[in-house]
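> Below is one structure. I have some questions about it.
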Amino acid sequence: MGRVTSSRETSNEPVLITEAQPSLGDQHAARKKRYVITMGIRIVSVVLAAAFYQTVWLMAVFAVLGTILPWIAVVMANDRPPKKKLDVNRYRVPAPDRILEARPSSGRVIDSEP
């Protein structure tokens, strides 16, 4: 029976793990964490707005912060990481152990035309 090879095994290009995107689960967990932190800050700002009701300007600052933070939290939660720009010339330079050395010239010129 023959061995089944995948396209990765037959490809000459190396697989660059360091440039791989984070998994969708990791991205989702990071976005949930940012959302929870932002909404926690919102709760604190609403409580502080209620606590500083006698200082109008401070209460207004905390109230505005508590009002706009849900919008900011949703925008941040729906945002995904930016795509990485790939360097198209990264495989052009061969590794030093793969460079072929030139043969020494014999000093003769060979004419290939008859």
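Note on naming: chains are A, B, ... as they come in the structure tokens, residues start from 1 per chain, ligands start from 1 in the order shown.
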Find the residues near Arg31 of chain A: any atom within 12 Å, counting only C-alpha atoms, skip ones fewer than 4 places away on the same chain, and give them as number ranges by chain.

A: 24-27, 35-38, 73-81

> With N, CA and C atoms retained, export the selected residues as a CSV table (one decimal), in the first residue's frame.


chain,number,residue,atom,x,y,z
A,24,LEU,N,-9.3,31.2,16.1
A,24,LEU,CA,-10.5,32.0,16.3
A,24,LEU,C,-10.9,31.9,17.8
A,25,GLY,N,-10.7,30.8,18.5
A,25,GLY,CA,-11.0,30.7,19.9
A,25,GLY,C,-10.2,31.7,20.7
A,26,ASP,N,-8.9,31.8,20.4
A,26,ASP,CA,-8.1,32.8,21.2
A,26,ASP,C,-8.5,34.2,20.9
A,27,GLN,N,-8.9,34.5,19.6
A,27,GLN,CA,-9.3,35.9,19.3
A,27,GLN,C,-10.6,36.2,20.0
A,35,TYR,N,-14.1,43.3,26.4
A,35,TYR,CA,-15.4,43.7,26.6
A,35,TYR,C,-15.8,43.7,28.1
A,36,VAL,N,-15.4,42.7,28.8
A,36,VAL,CA,-15.7,42.6,30.2
A,36,VAL,C,-15.0,43.7,31.0
A,37,ILE,N,-13.7,43.9,30.6
A,37,ILE,CA,-13.0,45.0,31.3
A,37,ILE,C,-13.6,46.3,31.1
A,38,THR,N,-13.9,46.6,29.8
A,38,THR,CA,-14.5,47.9,29.5
A,38,THR,C,-15.9,48.1,30.2
A,73,ALA,N,-17.1,49.6,24.0
A,73,ALA,CA,-16.9,48.1,24.3
A,73,ALA,C,-17.4,47.3,23.1
A,74,VAL,N,-18.5,47.6,22.5
A,74,VAL,CA,-19.0,46.8,21.4
A,74,VAL,C,-18.1,46.9,20.2
A,75,VAL,N,-17.7,48.1,19.9
A,75,VAL,CA,-16.8,48.3,18.7
A,75,VAL,C,-15.5,47.5,18.9
A,76,MET,N,-14.9,47.6,20.1
A,76,MET,CA,-13.7,46.8,20.4
A,76,MET,C,-13.9,45.3,20.4
A,77,ALA,N,-15.1,44.9,20.8
A,77,ALA,CA,-15.4,43.4,20.8
A,77,ALA,C,-15.6,42.9,19.4
A,78,ASN,N,-16.1,43.7,18.5
A,78,ASN,CA,-16.3,43.3,17.1
A,78,ASN,C,-15.1,43.4,16.3
A,79,ASP,N,-14.1,44.1,16.7
A,79,ASP,CA,-12.9,44.3,15.9
A,79,ASP,C,-12.0,43.1,16.0
A,80,ARG,N,-11.4,42.7,14.9
A,80,ARG,CA,-10.5,41.6,14.9
A,80,ARG,C,-9.1,42.2,14.7
A,81,PRO,N,-8.1,41.4,15.0
A,81,PRO,CA,-6.7,41.8,14.9
A,81,PRO,C,-6.4,42.2,13.4

> If I take atom CA of Leu58 of chain A and atom CA of Ile72 of chain A, how far is one from the other in Å, to one decimal?

20.7 Å

> If we count only C-alpha atoms, what is near segment 44-51 of chain A at a cut-off of 12 Å, once residues fewer than 4 positions away on the same chain are taken out, given as a VMD selection string?

chain A and resid 37 to 40 55 to 70

> Could you check how far atom CA of Glu13 of chain A sits from atom CA of Glu101 of chain A, in Å to one decimal?

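Computed distance, atom CA of Glu13 of chain A to atom CA of Glu101 of chain A, equals 22.4 Å.
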